[in-house]
>>> print(open('target.cif').read())   # mmCIF, C-alpha atoms and all ligand atoms
data_final
loop_
_atom_site.group_PDB
_atom_site.id
_atom_site.type_symbol
_atom_site.label_atom_id
_atom_site.label_comp_id
_atom_site.auth_asym_id
_atom_site.auth_seq_id
_atom_site.Cartn_x
_atom_site.Cartn_y
_atom_site.Cartn_z
ATOM 1 C CA MET G 10 -21.262 7.420 -11.618
ATOM 2 C CA LEU G 11 -19.976 6.524 -15.035
ATOM 3 C CA LEU G 12 -18.764 2.948 -15.413
ATOM 4 C CA VAL G 13 -16.018 2.843 -18.037
ATOM 5 C CA ARG G 14 -14.364 -0.267 -19.427
ATOM 6 C CA LYS G 15 -12.945 0.895 -22.749
ATOM 7 C CA LEU G 16 -9.848 3.031 -23.121
ATOM 8 C CA ASP G 17 -11.227 5.321 -25.838
ATOM 9 C CA PHE G 18 -14.272 6.091 -23.677
ATOM 10 C CA LEU G 19 -12.004 6.822 -20.715
ATOM 11 C CA LEU G 20 -9.847 9.163 -22.795
ATOM 12 C CA SER G 21 -12.822 11.077 -24.166
ATOM 13 C CA GLU G 22 -14.230 11.565 -20.637
ATOM 14 C CA ILE G 23 -10.836 12.752 -19.364
ATOM 15 C CA LEU G 24 -10.678 15.254 -22.250
ATOM 16 C CA LYS G 25 -14.121 16.546 -21.294
ATOM 17 C CA TYR G 26 -13.112 17.054 -17.660
ATOM 18 C CA LYS G 27 -9.918 18.802 -18.688
ATOM 19 C CA SER G 28 -11.649 21.067 -21.207
ATOM 20 C CA LEU G 29 -13.942 22.179 -18.374
ATOM 21 C CA GLY G 30 -10.877 23.001 -16.298
ATOM 22 C CA ARG G 31 -11.704 20.366 -13.687
ATOM 23 C CA LYS G 32 -8.921 18.905 -11.529
ATOM 24 C CA ILE G 33 -8.773 15.107 -11.393
ATOM 25 C CA ASN G 34 -8.221 13.012 -8.271
ATOM 26 C CA PHE G 35 -7.389 9.385 -8.915
ATOM 27 C CA ILE G 36 -7.579 6.381 -6.587
ATOM 28 C CA PRO G 37 -6.227 3.089 -7.941
ATOM 29 C CA THR G 38 -7.587 -0.011 -6.188
ATOM 30 C CA MET G 39 -7.902 -3.747 -6.601
ATOM 31 C CA GLY G 40 -11.515 -3.677 -5.436
ATOM 32 C CA SER G 41 -13.139 -5.682 -2.647
ATOM 33 C CA LEU G 42 -13.533 -2.272 -1.108
ATOM 34 C CA HIS G 43 -13.578 -1.498 2.615
ATOM 35 C CA GLN G 44 -13.511 1.606 4.796
ATOM 36 C CA GLY G 45 -9.767 2.052 4.121
ATOM 37 C CA HIS G 46 -10.514 2.607 0.424
ATOM 38 C CA ILE G 47 -13.540 4.723 1.303
ATOM 39 C CA SER G 48 -11.428 7.036 3.469
ATOM 40 C CA LEU G 49 -9.230 7.743 0.412
ATOM 41 C CA ILE G 50 -12.331 8.432 -1.674
ATOM 42 C CA LYS G 51 -13.860 10.723 0.962
ATOM 43 C CA LYS G 52 -10.634 12.771 1.065
ATOM 44 C CA ALA G 53 -10.517 12.892 -2.738
ATOM 45 C CA LYS G 54 -14.143 14.017 -2.880
ATOM 46 C CA LYS G 55 -13.505 17.114 -0.769
ATOM 47 C CA GLY G 56 -13.680 20.175 -2.983
ATOM 48 C CA LYS G 57 -15.086 20.190 -6.472
ATOM 49 C CA GLN G 58 -12.553 17.928 -8.122
ATOM 50 C CA ILE G 59 -13.416 14.958 -10.302
ATOM 51 C CA CYS G 60 -12.928 11.649 -8.503
ATOM 52 C CA ILE G 61 -11.871 8.659 -10.600
ATOM 53 C CA VAL G 62 -11.500 5.213 -9.025
ATOM 54 C CA SER G 63 -10.035 2.214 -10.829
ATOM 55 C CA ILE G 64 -10.629 -1.405 -9.945
ATOM 56 C CA PHE G 65 -8.135 -3.778 -11.446
ATOM 57 C CA VAL G 66 -6.723 -6.916 -9.863
ATOM 58 C CA ASN G 67 -3.360 -6.658 -11.556
ATOM 59 C CA PRO G 68 -2.027 -10.167 -12.309
ATOM 60 C CA LEU G 69 1.514 -8.831 -12.753
ATOM 61 C CA GLN G 70 1.858 -7.876 -9.113
ATOM 62 C CA PHE G 71 1.075 -11.388 -7.871
ATOM 63 C CA ASN G 72 4.059 -13.712 -7.847
ATOM 64 C CA ASP G 73 1.781 -16.619 -6.923
ATOM 65 C CA PRO G 74 -1.042 -17.526 -9.390
ATOM 66 C CA LEU G 75 -3.063 -19.081 -6.549
ATOM 67 C CA ASP G 76 -2.875 -15.836 -4.577
ATOM 68 C CA PHE G 77 -4.191 -13.994 -7.659
ATOM 69 C CA LYS G 78 -6.992 -16.530 -8.111
ATOM 70 C CA ASN G 79 -8.023 -16.341 -4.445
ATOM 71 C CA TYR G 80 -7.826 -12.552 -4.152
ATOM 72 C CA PRO G 81 -11.291 -11.411 -2.950
ATOM 73 C CA ARG G 82 -13.534 -9.853 -5.565
ATOM 74 C CA SER G 83 -16.920 -8.209 -4.945
ATOM 75 C CA LYS G 84 -17.899 -6.290 -8.083
ATOM 76 C CA LYS G 85 -21.527 -5.504 -7.243
ATOM 77 C CA ILE G 86 -20.918 -4.388 -3.655
ATOM 78 C CA ASP G 87 -17.962 -2.282 -4.820
ATOM 79 C CA ARG G 88 -20.058 -0.532 -7.410
ATOM 80 C CA SER G 89 -22.827 0.335 -4.973
ATOM 81 C CA LEU G 90 -20.281 1.590 -2.391
ATOM 82 C CA LEU G 91 -18.717 3.853 -5.011
ATOM 83 C CA MET G 92 -22.094 5.150 -6.136
ATOM 84 C CA LYS G 93 -22.922 5.972 -2.544
ATOM 85 C CA GLU G 94 -19.699 7.995 -2.318
ATOM 86 C CA ASP G 95 -20.694 9.852 -5.487
ATOM 87 C CA VAL G 96 -17.559 8.863 -7.384
ATOM 88 C CA ASP G 97 -17.612 10.458 -10.841
ATOM 89 C CA LEU G 98 -16.041 7.674 -12.857
ATOM 90 C CA LEU G 99 -15.193 4.048 -12.156
ATOM 91 C CA PHE G 100 -12.639 2.602 -14.541
ATOM 92 C CA VAL G 101 -12.641 -1.191 -14.770
ATOM 93 C CA PRO G 102 -10.183 -2.234 -17.470
ATOM 94 C CA ASP G 103 -10.325 -5.754 -18.869
ATOM 95 C CA LYS G 104 -7.667 -8.364 -18.190
ATOM 96 C CA ASN G 105 -5.712 -7.444 -21.332
ATOM 97 C CA PHE G 106 -5.115 -3.934 -19.987
ATOM 98 C CA ILE G 107 -1.428 -4.659 -19.465
ATOM 99 C CA SER G 108 0.735 -7.143 -21.253
ATOM 100 C CA GLY G 109 3.249 -9.417 -19.609
ATOM 101 C CA ASP G 110 6.346 -7.790 -21.171
ATOM 102 C CA ASN G 111 9.151 -6.720 -18.874
ATOM 103 C CA LEU G 112 9.142 -3.237 -17.431
ATOM 104 C CA PRO G 113 11.539 -1.206 -19.652
ATOM 105 C CA TYR G 114 12.773 0.722 -16.628
ATOM 106 C CA SER G 115 14.519 -0.144 -13.403
ATOM 107 C CA LEU G 116 12.996 0.744 -10.076
ATOM 108 C CA GLY G 117 16.345 0.061 -8.413
ATOM 109 C CA ASP G 118 16.879 -1.167 -4.863
ATOM 110 C CA ILE G 119 13.520 -0.001 -3.601
ATOM 111 C CA SER G 120 11.777 -2.834 -5.479
ATOM 112 C CA LYS G 121 14.020 -5.502 -3.968
ATOM 113 C CA ILE G 122 13.521 -4.927 -0.250
ATOM 114 C CA LEU G 123 10.593 -5.619 2.120
ATOM 115 C CA CYS G 124 7.591 -6.657 -0.056
ATOM 116 C CA GLY G 125 9.830 -6.745 -3.133
ATOM 117 C CA LYS G 126 12.093 -9.327 -1.540
ATOM 118 C CA ASP G 127 9.559 -12.023 -0.789
ATOM 119 C CA ARG G 128 7.238 -11.094 -3.684
ATOM 120 C CA HIS G 129 9.650 -11.139 -6.569
ATOM 121 C CA GLY G 130 8.552 -8.801 -9.411
ATOM 122 C CA HIS G 131 5.699 -7.334 -7.335
ATOM 123 C CA PHE G 132 6.705 -3.682 -7.673
ATOM 124 C CA GLU G 133 7.592 -4.062 -11.354
ATOM 125 C CA GLY G 134 3.967 -5.227 -11.785
ATOM 126 C CA VAL G 135 2.711 -2.274 -9.739
ATOM 127 C CA ALA G 136 4.905 0.092 -11.777
ATOM 128 C CA LYS G 137 3.569 -1.189 -15.099
ATOM 129 C CA VAL G 138 -0.040 -0.604 -14.204
ATOM 130 C CA ILE G 139 0.589 2.727 -12.475
ATOM 131 C CA ILE G 140 2.578 4.076 -15.437
ATOM 132 C CA LYS G 141 -0.298 3.079 -17.697
ATOM 133 C CA PHE G 142 -2.916 4.684 -15.443
ATOM 134 C CA LEU G 143 -0.916 7.891 -15.047
ATOM 135 C CA SER G 144 -0.313 8.133 -18.803
ATOM 136 C CA LEU G 145 -4.001 7.706 -19.598
ATOM 137 C CA ILE G 146 -5.560 9.742 -16.802
ATOM 138 C CA ASN G 147 -2.772 12.239 -16.013
ATOM 139 C CA PRO G 148 -4.460 13.120 -12.707
ATOM 140 C CA ASP G 149 -3.665 16.178 -10.625
ATOM 141 C CA PHE G 150 -3.627 14.101 -7.442
ATOM 142 C CA ILE G 151 -3.262 10.405 -6.737
ATOM 143 C CA TYR G 152 -4.545 9.137 -3.366
ATOM 144 C CA LEU G 153 -2.664 6.269 -1.734
ATOM 145 C CA GLY G 154 -2.840 4.551 1.637
ATOM 146 C CA GLU G 155 -0.090 4.691 4.253
ATOM 147 C CA LYS G 156 -0.721 0.973 4.841
ATOM 148 C CA ASP G 157 1.132 0.191 1.607
ATOM 149 C CA PHE G 158 3.923 2.561 2.530
ATOM 150 C CA GLN G 159 6.557 1.015 0.262
ATOM 151 C CA GLN G 160 4.127 1.348 -2.632
ATOM 152 C CA THR G 161 3.787 5.094 -1.944
ATOM 153 C CA VAL G 162 7.586 5.449 -2.115
ATOM 154 C CA VAL G 163 7.725 3.472 -5.383
ATOM 155 C CA ILE G 164 4.910 5.515 -6.954
ATOM 156 C CA LYS G 165 6.521 8.808 -5.871
ATOM 157 C CA LYS G 166 9.713 7.642 -7.612
ATOM 158 C CA ILE G 167 7.816 6.736 -10.799
ATOM 159 C CA ILE G 168 6.091 10.149 -10.827
ATOM 160 C CA LYS G 169 9.445 11.899 -10.447
ATOM 161 C CA ASP G 170 11.308 9.743 -12.986
ATOM 162 C CA PHE G 171 8.599 10.093 -15.656
ATOM 163 C CA ASN G 172 7.723 13.732 -14.856
ATOM 164 C CA PHE G 173 4.046 12.997 -14.296
ATOM 165 C CA LYS G 174 2.251 16.015 -12.853
ATOM 166 C CA ALA G 175 0.334 14.034 -10.197
ATOM 167 C CA LYS G 176 0.899 14.984 -6.576
ATOM 168 C CA VAL G 177 0.724 12.145 -4.072
ATOM 169 C CA LYS G 178 -1.620 12.327 -1.087
ATOM 170 C CA VAL G 179 -0.867 9.664 1.500
ATOM 171 C CA ILE G 180 -3.860 8.863 3.715
ATOM 172 C CA SER G 181 -3.585 7.362 7.224
ATOM 173 C CA THR G 182 -4.298 3.687 7.721
ATOM 174 C CA VAL G 183 -7.854 2.856 8.759
ATOM 175 C CA ARG G 184 -7.907 0.193 11.487
ATOM 176 C CA ASP G 185 -10.573 -1.966 13.099
ATOM 177 C CA GLU G 186 -11.431 -2.016 16.811
ATOM 178 C CA ASN G 187 -8.346 -4.198 17.482
ATOM 179 C CA ARG G 188 -6.110 -1.800 15.519
ATOM 180 C CA VAL G 189 -5.784 -4.340 12.691
ATOM 181 C CA ALA G 190 -5.279 -2.460 9.409
ATOM 182 C CA LEU G 191 -8.285 -2.965 7.144
ATOM 183 C CA SER G 192 -7.336 -4.984 4.095
ATOM 184 C CA SER G 193 -9.231 -6.820 1.363
ATOM 185 C CA ARG G 194 -7.229 -9.887 2.346
ATOM 186 C CA ASN G 195 -8.667 -9.840 5.892
ATOM 187 C CA LYS G 196 -11.788 -11.396 4.322
ATOM 188 C CA LEU G 197 -9.720 -14.507 3.584
ATOM 189 C CA LEU G 198 -8.915 -15.077 7.264
ATOM 190 C CA LYS G 199 -11.259 -17.605 8.764
ATOM 191 C CA LYS G 200 -10.940 -18.982 12.295
ATOM 192 C CA ASN G 201 -7.400 -17.631 12.589
ATOM 193 C CA LYS G 202 -8.608 -14.065 12.243
ATOM 194 C CA TYR G 203 -7.727 -13.324 15.881
ATOM 195 C CA LEU G 204 -4.017 -13.783 15.065
ATOM 196 C CA ALA G 205 -4.057 -10.612 12.957
ATOM 197 C CA CYS G 206 -4.201 -8.588 16.214
ATOM 198 C CA LEU G 207 -0.596 -9.594 16.788
ATOM 199 C CA ILE G 208 0.456 -7.413 13.861
ATOM 200 C CA PRO G 209 -0.434 -3.950 15.249
ATOM 201 C CA ARG G 210 0.401 -5.108 18.783
ATOM 202 C CA THR G 211 3.899 -6.096 17.725
ATOM 203 C CA LEU G 212 4.480 -2.823 15.898
ATOM 204 C CA ALA G 213 3.184 -0.796 18.830
ATOM 205 C CA LYS G 214 5.277 -2.774 21.334
ATOM 206 C CA ILE G 215 8.475 -2.358 19.299
ATOM 207 C CA ILE G 216 7.854 1.369 18.999
ATOM 208 C CA GLU G 217 7.142 1.616 22.721
ATOM 209 C CA GLU G 218 10.391 -0.192 23.538
ATOM 210 C CA ILE G 219 12.379 1.963 21.098
ATOM 211 C CA GLU G 220 10.948 5.123 22.642
ATOM 212 C CA ASN G 221 11.717 3.871 26.138
ATOM 213 C CA GLY G 222 15.374 3.555 25.088
ATOM 214 C CA ASP G 223 17.880 0.707 25.305
ATOM 215 C CA PHE G 224 16.579 -1.107 22.195
ATOM 216 C CA LYS G 225 19.091 -3.394 20.536
ATOM 217 C CA LEU G 226 18.492 -4.162 16.855
ATOM 218 C CA SER G 227 18.738 -7.874 17.636
ATOM 219 C CA ARG G 228 15.562 -7.508 19.742
ATOM 220 C CA ILE G 229 13.649 -7.651 16.438
ATOM 221 C CA ASN G 230 14.539 -11.345 16.121
ATOM 222 C CA GLU G 231 13.046 -11.988 19.555
ATOM 223 C CA PHE G 232 9.796 -10.357 18.403
ATOM 224 C CA LYS G 233 9.766 -12.608 15.335
ATOM 225 C CA LYS G 234 10.108 -15.652 17.567
ATOM 226 C CA ILE G 235 7.380 -14.440 19.933
ATOM 227 C CA ILE G 236 4.775 -13.947 17.208
ATOM 228 C CA LYS G 237 5.592 -17.286 15.602
ATOM 229 C CA LYS G 238 5.212 -18.954 18.970
ATOM 230 C CA LYS G 239 1.803 -17.303 19.331
ATOM 231 C CA GLY G 240 0.650 -19.023 16.130
ATOM 232 C CA ILE G 241 1.607 -16.909 13.129
ATOM 233 C CA ASP G 242 2.896 -19.282 10.427
ATOM 234 C CA LYS G 243 5.480 -17.053 8.838
ATOM 235 C CA VAL G 244 7.066 -13.667 9.400
ATOM 236 C CA ASN G 245 7.996 -12.512 5.905
ATOM 237 C CA TYR G 246 9.816 -9.523 7.333
ATOM 238 C CA LEU G 247 9.973 -7.322 10.406
ATOM 239 C CA GLU G 248 12.292 -4.389 9.912
ATOM 240 C CA ILE G 249 12.980 -0.830 10.963
ATOM 241 C CA ARG G 250 13.756 1.424 8.025
ATOM 242 C CA LYS G 251 14.039 5.106 7.185
ATOM 243 C CA GLU G 252 10.797 6.687 6.062
ATOM 244 C CA SER G 253 12.282 8.754 3.240
ATOM 245 C CA ASP G 254 14.016 6.075 1.167
ATOM 246 C CA LEU G 255 13.348 2.836 3.099
ATOM 247 C CA GLN G 256 17.050 2.303 3.639
ATOM 248 C CA LYS G 257 18.339 0.694 6.839
ATOM 249 C CA LEU G 258 19.147 2.811 9.867
ATOM 250 C CA GLY G 259 22.550 4.437 9.991
ATOM 251 C CA PRO G 260 24.494 6.738 12.298
ATOM 252 C CA GLU G 261 22.337 9.806 11.547
ATOM 253 C CA PHE G 262 19.050 10.620 13.220
ATOM 254 C CA CYS G 263 16.062 10.183 10.922
ATOM 255 C CA VAL G 264 12.332 9.527 10.848
ATOM 256 C CA CYS G 265 11.760 5.782 10.754
ATOM 257 C CA ARG G 266 9.008 3.221 10.492
ATOM 258 C CA VAL G 267 8.633 -0.356 11.597
ATOM 259 C CA PHE G 268 7.471 -2.575 8.730
ATOM 260 C CA ILE G 269 5.938 -6.004 9.052
ATOM 261 C CA SER G 270 4.587 -8.721 6.784
ATOM 262 C CA VAL G 271 3.250 -12.023 8.055
ATOM 263 C CA SER G 272 1.395 -14.960 6.561
ATOM 264 C CA ILE G 273 -1.551 -16.453 8.443
ATOM 265 C CA CYS G 274 -2.760 -19.654 6.729
ATOM 266 C CA ASN G 275 -1.214 -18.430 3.474
ATOM 267 C CA VAL G 276 -2.914 -15.038 3.753
ATOM 268 C CA ARG G 277 -0.230 -12.407 3.455
ATOM 269 C CA LEU G 278 -0.794 -9.268 5.540
ATOM 270 C CA ILE G 279 1.296 -6.119 5.858
ATOM 271 C CA ASP G 280 1.372 -3.106 8.135
ATOM 272 C CA ASN G 281 3.718 -0.374 9.301
ATOM 273 C CA MET G 282 3.880 2.342 11.935
ATOM 274 C CA ARG G 283 6.017 5.411 12.392
ATOM 275 C CA VAL G 284 8.400 5.882 15.324
ATOM 276 C CA LYS G 285 7.436 9.293 16.696
ATOM 277 C CA LYS G 286 10.962 10.487 17.516
ATOM 278 C CA LYS G 287 13.940 10.469 15.178
ATOM 279 C CA ILE G 288 16.295 7.543 15.796
ATOM 280 C CA LYS G 289 19.738 6.353 14.775
ATOM 281 C CA LEU G 290 21.844 3.223 15.109
ATOM 282 C CA ASN G 291 25.010 3.460 17.191
ATOM 283 C CA LYS G 292 28.174 1.352 16.964
ATOM 284 C CA GLU G 293 26.859 -1.160 19.499
ATOM 285 C CA LYS G 294 23.817 -1.752 17.195
ATOM 286 C CA LYS G 295 21.583 -0.023 19.719
ATOM 287 C CA LEU G 296 18.928 2.508 18.722
ATOM 288 C CA GLU G 297 19.351 6.034 20.053
ATOM 289 C CA ILE G 298 16.470 8.509 20.196
ATOM 290 C CA SER G 299 16.853 12.219 19.433
ATOM 291 C CA SER G 300 15.994 14.527 22.312
HETATM 292 P P1 LIG E 401 -5.670 -2.108 -2.751
HETATM 293 O O1 LIG E 401 -7.062 -2.238 -3.261
HETATM 294 O O2 LIG E 401 -5.326 -3.030 -1.632
HETATM 295 O O3 LIG E 401 -4.656 -2.112 -3.870
HETATM 296 O O4 LIG E 401 -5.579 -0.656 -2.118
HETATM 297 C C1 LIG E 401 -5.918 0.499 -2.853
HETATM 298 C C2 LIG E 401 -5.478 1.708 -2.068
HETATM 299 O O5 LIG E 401 -6.154 1.729 -0.810
HETATM 300 C C3 LIG E 401 -3.963 1.684 -1.766
HETATM 301 O O6 LIG E 401 -3.430 2.983 -1.920
HETATM 302 C C4 LIG E 401 -3.935 1.228 -0.336
HETATM 303 O O7 LIG E 401 -2.794 1.671 0.377
HETATM 304 C C5 LIG E 401 -5.196 1.869 0.226
HETATM 305 N N1 LIG E 401 -5.611 1.155 1.441
HETATM 306 C C6 LIG E 401 -5.773 -0.178 1.588
HETATM 307 N N2 LIG E 401 -6.086 -0.484 2.867
HETATM 308 C C7 LIG E 401 -6.132 0.697 3.542
HETATM 309 C C8 LIG E 401 -6.404 1.055 4.899
HETATM 310 N N3 LIG E 401 -6.688 0.163 5.826
HETATM 311 N N4 LIG E 401 -6.356 2.369 5.229
HETATM 312 C C9 LIG E 401 -6.064 3.303 4.300
HETATM 313 N N5 LIG E 401 -5.803 3.031 2.999
HETATM 314 C C10 LIG E 401 -5.826 1.741 2.622
#
>>> encode(input="target.cif", output="structure tokens", more="lines below")
Ligand code: AMP
Amino acid sequence: MLLVRKLDFLLSEILKYKSLGRKINFIPTMGSLHQGHISLIKKAKKGKQICIVSIFVNPLQFNDPLDFKNYPRSKKIDRSLLMKEDVDLLFVPDKNFISGDNLPYSLGDISKILCGKDRHGHFEGVAKVIIKFLSLINPDFIYLGEKDFQQTVVIKKIIKDFNFKAKVKVISTVRDENRVALSSRNKLLKKNKYLACLIPRTLAKIIEEIENGDFKLSRINEFKKIIKKKGIDKVNYLEIRKESDLQKLGPEFCVCRVFISVSICNVRLIDNMRVKKKIKLNKEKKLEISS
């Protein structure tokens, strides 16, 4: 595995791969790798394509400097995990990789809902680094996790708006034995770790109730109360939205997901799950399921 820090070295390696006619698969990460990241890498390693992983804890996507400072980092372990997976190139840019200027492009509504609402400027920060990565690497495929579903929608939009050639592969969320989505931030949970189980349980319960019928939208507020009562400090959001554009439910049947973000002792966790059947919202604010 080649460890690359400098842009000119990265560009010359990319040129080499391209001159050999090799396809490039790219996996952007913030490091502190776990089996969720590894599942993306394993998928990207199938076939004879080049696999490039980046590790960059992007300061622009943290609205809270303390959150950025506390974000888990494990450089040495990451490197040995990536070597074990036979990754071709690990790109670790330095902290000056992106400047703090505003993004000269509007992501629109998509950056202002869900994670964009309580983490102001988060997706603009994501967009800046992704645009830079895509411009430099111009990969054939970019591998992203379903766990950060809103991020996949934002990156698909960027690819379309800027005509990048990369195709997006969205990989299923890897969960632990309690169905908690693996996340680098899980390492920050100490004795309150057990509370994280409430996240997948809540999503699964909401989906079960929706699929059983007779689900009023206002029921979501009851779920928020229940999980707070069980000990979760803050529910940042709990919402049902359309999968395609993350807009709210309307009168037409569509594929939807339930999205959640909670904070446990200041550790912010997110997750989402798909509702298997198409649903719509009727005039009485009740969810109807397609047959
Ligand atoms: P991060 O390092 O958190 O920025 O994540 C890098 C990539 O790994 C993103 O595309 C994430 O969606 C993906 N990822 C993170 N956690 C998981 C997981 N539990 N299962 C699958 N993919 C994940």
>>> resolve_selection(input="target.cif", expression="the PyMOL selection byres (((chain G and resi 72-89) around 10) and not hetatm)", output="number ranges by chain")
G: 10, 12, 39-43, 64, 66-71, 90-96, 99, 101, 127-131, 134, 193-197, 275-277
>>> residues_around(input="target.cif", residues="Gln159 in chain G", least_positions_apart="5", cutoff="9 Å", atoms="all atoms listed in the file", output="VMD selection string")
chain G and resid 119 to 120 123 to 124 164 255
>>> residues_near_point(input="target.cif", point="(17.7, 2.2, 17.5)", cutoff="7 Å", atoms="all atoms listed in the file", output="list in words")
Ile219, Phe224, Lys225, Leu226, Ile288, Lys289, Leu290, Lys295, Leu296, Glu297 and Ile298 of chain G
>>> resolve_selection(input="target.cif", expression="the PyMOL selection byres (((chain G and resi 282-285) around 8) and not hetatm)", output="list in words")
Leu212, Ala213, Ile216, Glu220, Val264, Cys265, Arg266, Val267, Phe268, Asp280, Asn281, Lys286 and Lys287 of chain G
>>> residues_around(input="target.cif", residues="range 172-184 of chain G", least_positions_apart="6", cutoff="12 Å", atoms="all atoms listed in the file", output="PyMOL selection string")
chain G and resi 32-36+43-53+139-166+190-192+195+205-206+208-209+279-283
>>> write_last_selection(input="target.cif", atoms="C-alpha atoms", output="mmCIF file, in the frame of the given file")
data_model
loop_
_atom_site.group_PDB
_atom_site.id
_atom_site.type_symbol
_atom_site.label_atom_id
_atom_site.label_comp_id
_atom_site.auth_asym_id
_atom_site.auth_seq_id
_atom_site.Cartn_x
_atom_site.Cartn_y
_atom_site.Cartn_z
ATOM 1 C CA LYS G 32 -8.921 18.905 -11.529
ATOM 2 C CA ILE G 33 -8.773 15.107 -11.393
ATOM 3 C CA ASN G 34 -8.221 13.012 -8.271
ATOM 4 C CA PHE G 35 -7.389 9.385 -8.915
ATOM 5 C CA ILE G 36 -7.579 6.381 -6.587
ATOM 6 C CA HIS G 43 -13.578 -1.498 2.615
ATOM 7 C CA GLN G 44 -13.511 1.606 4.796
ATOM 8 C CA GLY G 45 -9.767 2.052 4.121
ATOM 9 C CA HIS G 46 -10.514 2.607 0.424
ATOM 10 C CA ILE G 47 -13.540 4.723 1.303
ATOM 11 C CA SER G 48 -11.428 7.036 3.469
ATOM 12 C CA LEU G 49 -9.230 7.743 0.412
ATOM 13 C CA ILE G 50 -12.331 8.432 -1.674
ATOM 14 C CA LYS G 51 -13.860 10.723 0.962
ATOM 15 C CA LYS G 52 -10.634 12.771 1.065
ATOM 16 C CA ALA G 53 -10.517 12.892 -2.738
ATOM 17 C CA ILE G 139 0.589 2.727 -12.475
ATOM 18 C CA ILE G 140 2.578 4.076 -15.437
ATOM 19 C CA LYS G 141 -0.298 3.079 -17.697
ATOM 20 C CA PHE G 142 -2.916 4.684 -15.443
ATOM 21 C CA LEU G 143 -0.916 7.891 -15.047
ATOM 22 C CA SER G 144 -0.313 8.133 -18.803
ATOM 23 C CA LEU G 145 -4.001 7.706 -19.598
ATOM 24 C CA ILE G 146 -5.560 9.742 -16.802
ATOM 25 C CA ASN G 147 -2.772 12.239 -16.013
ATOM 26 C CA PRO G 148 -4.460 13.120 -12.707
ATOM 27 C CA ASP G 149 -3.665 16.178 -10.625
ATOM 28 C CA PHE G 150 -3.627 14.101 -7.442
ATOM 29 C CA ILE G 151 -3.262 10.405 -6.737
ATOM 30 C CA TYR G 152 -4.545 9.137 -3.366
ATOM 31 C CA LEU G 153 -2.664 6.269 -1.734
ATOM 32 C CA GLY G 154 -2.840 4.551 1.637
ATOM 33 C CA GLU G 155 -0.090 4.691 4.253
ATOM 34 C CA LYS G 156 -0.721 0.973 4.841
ATOM 35 C CA ASP G 157 1.132 0.191 1.607
ATOM 36 C CA PHE G 158 3.923 2.561 2.530
ATOM 37 C CA GLN G 159 6.557 1.015 0.262
ATOM 38 C CA GLN G 160 4.127 1.348 -2.632
ATOM 39 C CA THR G 161 3.787 5.094 -1.944
ATOM 40 C CA VAL G 162 7.586 5.449 -2.115
ATOM 41 C CA VAL G 163 7.725 3.472 -5.383
ATOM 42 C CA ILE G 164 4.910 5.515 -6.954
ATOM 43 C CA LYS G 165 6.521 8.808 -5.871
ATOM 44 C CA LYS G 166 9.713 7.642 -7.612
ATOM 45 C CA ALA G 190 -5.279 -2.460 9.409
ATOM 46 C CA LEU G 191 -8.285 -2.965 7.144
ATOM 47 C CA SER G 192 -7.336 -4.984 4.095
ATOM 48 C CA ASN G 195 -8.667 -9.840 5.892
ATOM 49 C CA ALA G 205 -4.057 -10.612 12.957
ATOM 50 C CA CYS G 206 -4.201 -8.588 16.214
ATOM 51 C CA ILE G 208 0.456 -7.413 13.861
ATOM 52 C CA PRO G 209 -0.434 -3.950 15.249
ATOM 53 C CA ILE G 279 1.296 -6.119 5.858
ATOM 54 C CA ASP G 280 1.372 -3.106 8.135
ATOM 55 C CA ASN G 281 3.718 -0.374 9.301
ATOM 56 C CA MET G 282 3.880 2.342 11.935
ATOM 57 C CA ARG G 283 6.017 5.411 12.392
#
>>> decode(input="target.cif", residues="range 17-29 of chain G", atoms="C-alpha atoms", output="PDB file, in the first residue's frame")
ATOM      1  CA  ASP G  17       1.659  16.090  -6.759  1.00  0.00           C
ATOM      2  CA  PHE G  18       2.525  12.520  -5.737  1.00  0.00           C
ATOM      3  CA  LEU G  19      -1.169  11.622  -5.691  1.00  0.00           C
ATOM      4  CA  LEU G  20      -1.691  13.099  -9.156  1.00  0.00           C
ATOM      5  CA  SER G  21       1.282  11.272 -10.647  1.00  0.00           C
ATOM      6  CA  GLU G  22       0.048   7.940  -9.216  1.00  0.00           C
ATOM      7  CA  ILE G  23      -3.462   8.571 -10.569  1.00  0.00           C
ATOM      8  CA  LEU G  24      -1.959   9.294 -14.008  1.00  0.00           C
ATOM      9  CA  LYS G  25      -0.065   6.004 -13.852  1.00  0.00           C
ATOM     10  CA  TYR G  26      -3.210   4.034 -13.007  1.00  0.00           C
ATOM     11  CA  LYS G  27      -5.142   5.744 -15.773  1.00  0.00           C
ATOM     12  CA  SER G  28      -2.413   5.222 -18.371  1.00  0.00           C
ATOM     13  CA  LEU G  29      -2.583   1.504 -17.554  1.00  0.00           C
TER      14      LEU G  29
END
